[in-house]
Amino acid sequence: MADPKLLVICGSLRTGSLNRKLLEQAVNAFGPADVTYADIRFPLYDGDLEDAEGIPAAVQTLHAQMQDADAIVIATPEYNANISGVLKNALDWASRVKPMPMADTPVAIMSATGGRTGGVMTQNSLRQCLTPFQPVVLQGPAVAVASASGAFEEDGSLKDERYIKAVQKLMDKLRAMI
């Protein structure tokens with residue numbers, strides 16, 4: 001049997017993003033897979049732009065990746081108690097392409113933030129934003145890395161064994177859902 005297709009979406013565009021590091025931990029914990037890293041650098045959603053130019057090619061690519069994925073992992077920072085604007089924009093654009101992507105696809109969410117809650121509020125917001133897509137969002141175990149600026153080793157791996165175990169359990173559960 002071929003390796004499952006895992007789509008990885010980071011809600012931060014920064015190369016050194018802590019959420020990107022968290023996703024690397026998740027990919028490693030997931031095990032053998034055909035991994036695709038989404039690129040969500042899109043123009044801001046604008047109905048006039050869509051009418052004038054159609055759906056951007058990069059959005060069509062993301063939509064196809066979502067449709068093709070056996071499972072999806074999304075990590076997002078928490079900005080002002082919510083998901084990042086870039087992630088919301090990507091979801092808004094992707095929703096404009098039919099059929100709606102991610103229906104019945106297992107999705108794991110996680111977050112790494114500088115605050116002490118690790119992004120619990122952003123995860124709740126992300127769950128709401130995913131509702132129209134009708135994925136199967138795993139409800140746990142929660143992976144919300146608090147005080148994330150000090151949570152990673154220099155090689156990018158997590159320091160805290162509790163977080164490492166939570167990521168492993170979440171990825172094991174995601175793999176089992178396929």
# chains A, B, ... in the order shown; residues from 1 in each chain; ligands from 1
>>> residues_around(residues="segment 11-14 of chain A", least_positions_apart="4", cutoff="7 Å", atoms="only C-alpha atoms", output="VMD selection string")
chain A and resid 19 75 to 77 84 86 to 87
>>> write_last_selection(atoms="N, CA and C atoms", output="PDB file, in the first residue's frame")
ATOM      1  N   ASN A  19       5.407  27.592  14.635  1.00  0.00           N
ATOM      2  CA  ASN A  19       4.396  26.646  14.168  1.00  0.00           C
ATOM      3  C   ASN A  19       4.937  25.761  13.053  1.00  0.00           C
ATOM      4  N   ALA A  75      -1.187  23.985  11.702  1.00  0.00           N
ATOM      5  CA  ALA A  75      -0.659  24.637  12.894  1.00  0.00           C
ATOM      6  C   ALA A  75      -0.779  26.141  12.689  1.00  0.00           C
ATOM      7  N   THR A  76      -1.263  26.809  13.721  1.00  0.00           N
ATOM      8  CA  THR A  76      -1.465  28.247  13.588  1.00  0.00           C
ATOM      9  C   THR A  76      -1.043  28.988  14.846  1.00  0.00           C
ATOM     10  N   PRO A  77      -0.424  30.142  14.665  1.00  0.00           N
ATOM     11  CA  PRO A  77      -0.179  30.997  15.820  1.00  0.00           C
ATOM     12  C   PRO A  77      -1.496  31.611  16.280  1.00  0.00           C
ATOM     13  N   SER A  84      -4.461  33.351  12.458  1.00  0.00           N
ATOM     14  CA  SER A  84      -3.751  34.370  11.690  1.00  0.00           C
ATOM     15  C   SER A  84      -4.579  34.795  10.486  1.00  0.00           C
ATOM     16  N   VAL A  86      -3.516  35.360   7.543  1.00  0.00           N
ATOM     17  CA  VAL A  86      -3.081  34.646   6.346  1.00  0.00           C
ATOM     18  C   VAL A  86      -3.776  33.281   6.255  1.00  0.00           C
ATOM     19  N   LEU A  87      -3.980  32.614   7.377  1.00  0.00           N
ATOM     20  CA  LEU A  87      -4.676  31.323   7.357  1.00  0.00           C
ATOM     21  C   LEU A  87      -6.151  31.514   7.027  1.00  0.00           C
TER      22      LEU A  87
END
>>> select_by_dssp(residues="segment 3-106 of chain A", states="helix (DSSP H, G or I)", output="PyMOL selection string")
chain A and resi 18-30+47-53+57-68+85-94
>>> write_last_selection(atoms="C-alpha atoms", output="short mmCIF file (atom, residue, chain, number, x, y, z; two decimals), in the first residue's frame")
data_model
loop_
_atom_site.label_atom_id
_atom_site.label_comp_id
_atom_site.auth_asym_id
_atom_site.auth_seq_id
_atom_site.Cartn_x
_atom_site.Cartn_y
_atom_site.Cartn_z
CA LEU A 18 7.49 28.20 15.72
CA ASN A 19 4.40 26.65 14.17
CA ARG A 20 6.50 25.47 11.22
CA LYS A 21 8.83 23.80 13.75
CA LEU A 22 5.82 22.21 15.43
CA LEU A 23 4.65 20.89 12.07
CA GLU A 24 8.06 19.33 11.46
CA GLN A 25 7.69 17.52 14.79
CA ALA A 26 4.24 16.35 13.65
CA VAL A 27 5.49 15.14 10.26
CA ASN A 28 8.24 13.14 11.96
CA ALA A 29 5.77 11.67 14.45
CA PHE A 30 3.27 10.81 11.69
CA GLY A 47 -14.62 39.43 -4.91
CA ASP A 48 -13.74 42.04 -7.52
CA LEU A 49 -10.36 40.37 -8.07
CA GLU A 50 -12.05 36.99 -8.34
CA ASP A 51 -14.55 38.39 -10.89
CA ALA A 52 -11.83 40.12 -12.92
CA GLU A 53 -9.11 37.46 -12.86
CA ALA A 57 -3.44 29.44 -9.67
CA ALA A 58 -1.90 29.13 -6.19
CA VAL A 59 -5.39 28.85 -4.67
CA GLN A 60 -6.34 26.18 -7.20
CA THR A 61 -3.19 24.31 -6.21
CA LEU A 62 -4.11 24.44 -2.52
CA HIS A 63 -7.65 23.29 -3.31
CA ALA A 64 -6.30 20.33 -5.30
CA GLN A 65 -3.91 19.47 -2.45
CA MET A 66 -6.78 19.56 0.04
CA GLN A 67 -8.91 17.36 -2.22
CA ASP A 68 -6.06 14.89 -2.73
CA GLY A 85 -5.12 36.54 8.92
CA VAL A 86 -3.08 34.65 6.35
CA LEU A 87 -4.68 31.32 7.36
CA LYS A 88 -8.19 32.78 7.33
CA ASN A 89 -7.50 34.32 3.93
CA ALA A 90 -6.32 30.94 2.58
CA LEU A 91 -9.45 29.22 3.86
CA ASP A 92 -11.65 31.95 2.38
CA TRP A 93 -10.00 31.59 -1.02
CA ALA A 94 -10.11 27.77 -0.93
#
>>> closest_residue(among="A:Thr36, A:Thr15, A:Ser111, A:Ser95", to="Val167 of chain A", atoms="only C-alpha atoms")
A:Ser111
>>> residues_around(residues="segment 103-105 of chain A", least_positions_apart="2", cutoff="12 Å", atoms="only C-alpha atoms", output="PyMOL selection string")
chain A and resi 5-7+63+65-73+95+98-101+107-108+130-138+174-175+177-178
>>> write_last_selection(atoms="N, CA and C atoms", output="CSV table (one decimal), in the first residue's frame")
chain,number,residue,atom,x,y,z
A,5,LYS,N,-1.2,10.4,1.9
A,5,LYS,CA,-0.9,11.7,1.5
A,5,LYS,C,-1.2,12.7,2.6
A,6,LEU,N,-0.2,13.3,3.2
A,6,LEU,CA,-0.4,14.2,4.3
A,6,LEU,C,-0.1,15.7,3.8
A,7,LEU,N,-1.1,16.5,4.0
A,7,LEU,CA,-1.0,17.9,3.7
A,7,LEU,C,-0.7,18.7,5.0
A,63,HIS,N,-6.4,24.0,-3.3
A,63,HIS,CA,-7.6,23.3,-3.3
A,63,HIS,C,-7.4,21.8,-3.8
A,65,GLN,N,-4.6,20.2,-3.5
A,65,GLN,CA,-3.9,19.5,-2.4
A,65,GLN,C,-4.9,19.0,-1.3
A,66,MET,N,-5.8,19.9,-1.0
A,66,MET,CA,-6.8,19.6,0.0
A,66,MET,C,-7.7,18.4,-0.4
A,67,GLN,N,-8.1,18.4,-1.7
A,67,GLN,CA,-8.9,17.4,-2.2
A,67,GLN,C,-8.2,16.0,-2.3
A,68,ASP,N,-6.9,16.1,-2.5
A,68,ASP,CA,-6.1,14.9,-2.7
A,68,ASP,C,-5.5,14.3,-1.4
A,69,ALA,N,-5.5,15.1,-0.3
A,69,ALA,CA,-4.9,14.6,0.9
A,69,ALA,C,-5.8,13.5,1.6
A,70,ASP,N,-5.1,12.6,2.2
A,70,ASP,CA,-5.7,11.6,3.0
A,70,ASP,C,-5.9,12.1,4.4
A,71,ALA,N,-5.0,13.1,4.8
A,71,ALA,CA,-5.1,13.7,6.1
A,71,ALA,C,-4.4,15.1,6.0
A,72,ILE,N,-4.8,16.0,6.9
A,72,ILE,CA,-4.3,17.3,6.9
A,72,ILE,C,-3.9,17.7,8.4
A,73,VAL,N,-2.8,18.4,8.5
A,73,VAL,CA,-2.3,18.9,9.8
A,73,VAL,C,-2.2,20.4,9.6
A,95,SER,N,-12.4,28.1,-0.2
A,95,SER,CA,-13.8,27.9,-0.2
A,95,SER,C,-14.5,28.3,-1.5
A,98,LYS,N,-15.1,24.9,-6.1
A,98,LYS,CA,-16.0,23.8,-5.9
A,98,LYS,C,-15.4,22.5,-6.5
A,99,PRO,N,-15.7,21.4,-5.9
A,99,PRO,CA,-16.5,21.2,-4.6
A,99,PRO,C,-15.7,21.7,-3.4
A,100,MET,N,-16.4,21.9,-2.3
A,100,MET,CA,-15.7,22.3,-1.1
A,100,MET,C,-14.7,21.3,-0.7
A,101,PRO,N,-13.4,21.7,-0.5
A,101,PRO,CA,-12.4,20.8,-0.2
A,101,PRO,C,-12.4,20.3,1.3
A,107,VAL,N,-8.6,15.9,10.0
A,107,VAL,CA,-7.7,17.1,10.2
A,107,VAL,C,-7.3,17.2,11.6
A,108,ALA,N,-6.0,17.4,11.8
A,108,ALA,CA,-5.4,17.6,13.2
A,108,ALA,C,-5.0,19.1,13.2
A,130,LEU,N,-13.3,26.0,10.1
A,130,LEU,CA,-13.3,24.8,9.3
A,130,LEU,C,-14.7,24.2,9.1
A,131,THR,N,-15.7,24.6,9.9
A,131,THR,CA,-17.0,24.0,9.8
A,131,THR,C,-17.6,23.9,8.4
A,132,PRO,N,-17.6,25.0,7.6
A,132,PRO,CA,-18.2,24.9,6.3
A,132,PRO,C,-17.5,23.8,5.4
A,133,PHE,N,-16.2,23.5,5.7
A,133,PHE,CA,-15.5,22.5,4.9
A,133,PHE,C,-15.9,21.1,5.2
A,134,GLN,N,-16.5,20.9,6.3
A,134,GLN,CA,-17.0,19.6,6.8
A,134,GLN,C,-15.9,18.5,6.9
A,135,PRO,N,-14.7,18.9,7.5
A,135,PRO,CA,-13.7,17.8,7.7
A,135,PRO,C,-14.0,17.1,9.0
A,136,VAL,N,-13.3,16.0,9.2
A,136,VAL,CA,-13.4,15.3,10.5
A,136,VAL,C,-12.2,15.9,11.4
A,137,VAL,N,-12.5,16.8,12.2
A,137,VAL,CA,-11.5,17.5,13.0
A,137,VAL,C,-11.3,16.7,14.3
A,138,LEU,N,-10.1,16.2,14.5
A,138,LEU,CA,-9.8,15.5,15.7
A,138,LEU,C,-10.0,16.4,16.9
A,174,LEU,N,-4.4,10.6,14.0
A,174,LEU,CA,-4.7,11.0,12.6
A,174,LEU,C,-4.4,9.9,11.6
A,175,ARG,N,-3.3,9.2,11.8
A,175,ARG,CA,-3.0,8.1,10.9
A,175,ARG,C,-4.1,7.0,11.0
A,177,MET,N,-7.1,7.4,11.5
A,177,MET,CA,-8.4,7.9,10.9
A,177,MET,C,-8.4,7.7,9.4
A,178,ILE,N,-7.3,7.5,8.8
A,178,ILE,CA,-7.2,7.4,7.4
A,178,ILE,C,-7.9,6.1,6.9
>>> residues_around(residues="Gly31 of chain A", least_positions_apart="6", cutoff="10 Å", atoms="only C-alpha atoms", output="ChimeraX atom specification")
/A:3-4,168,171-172,175
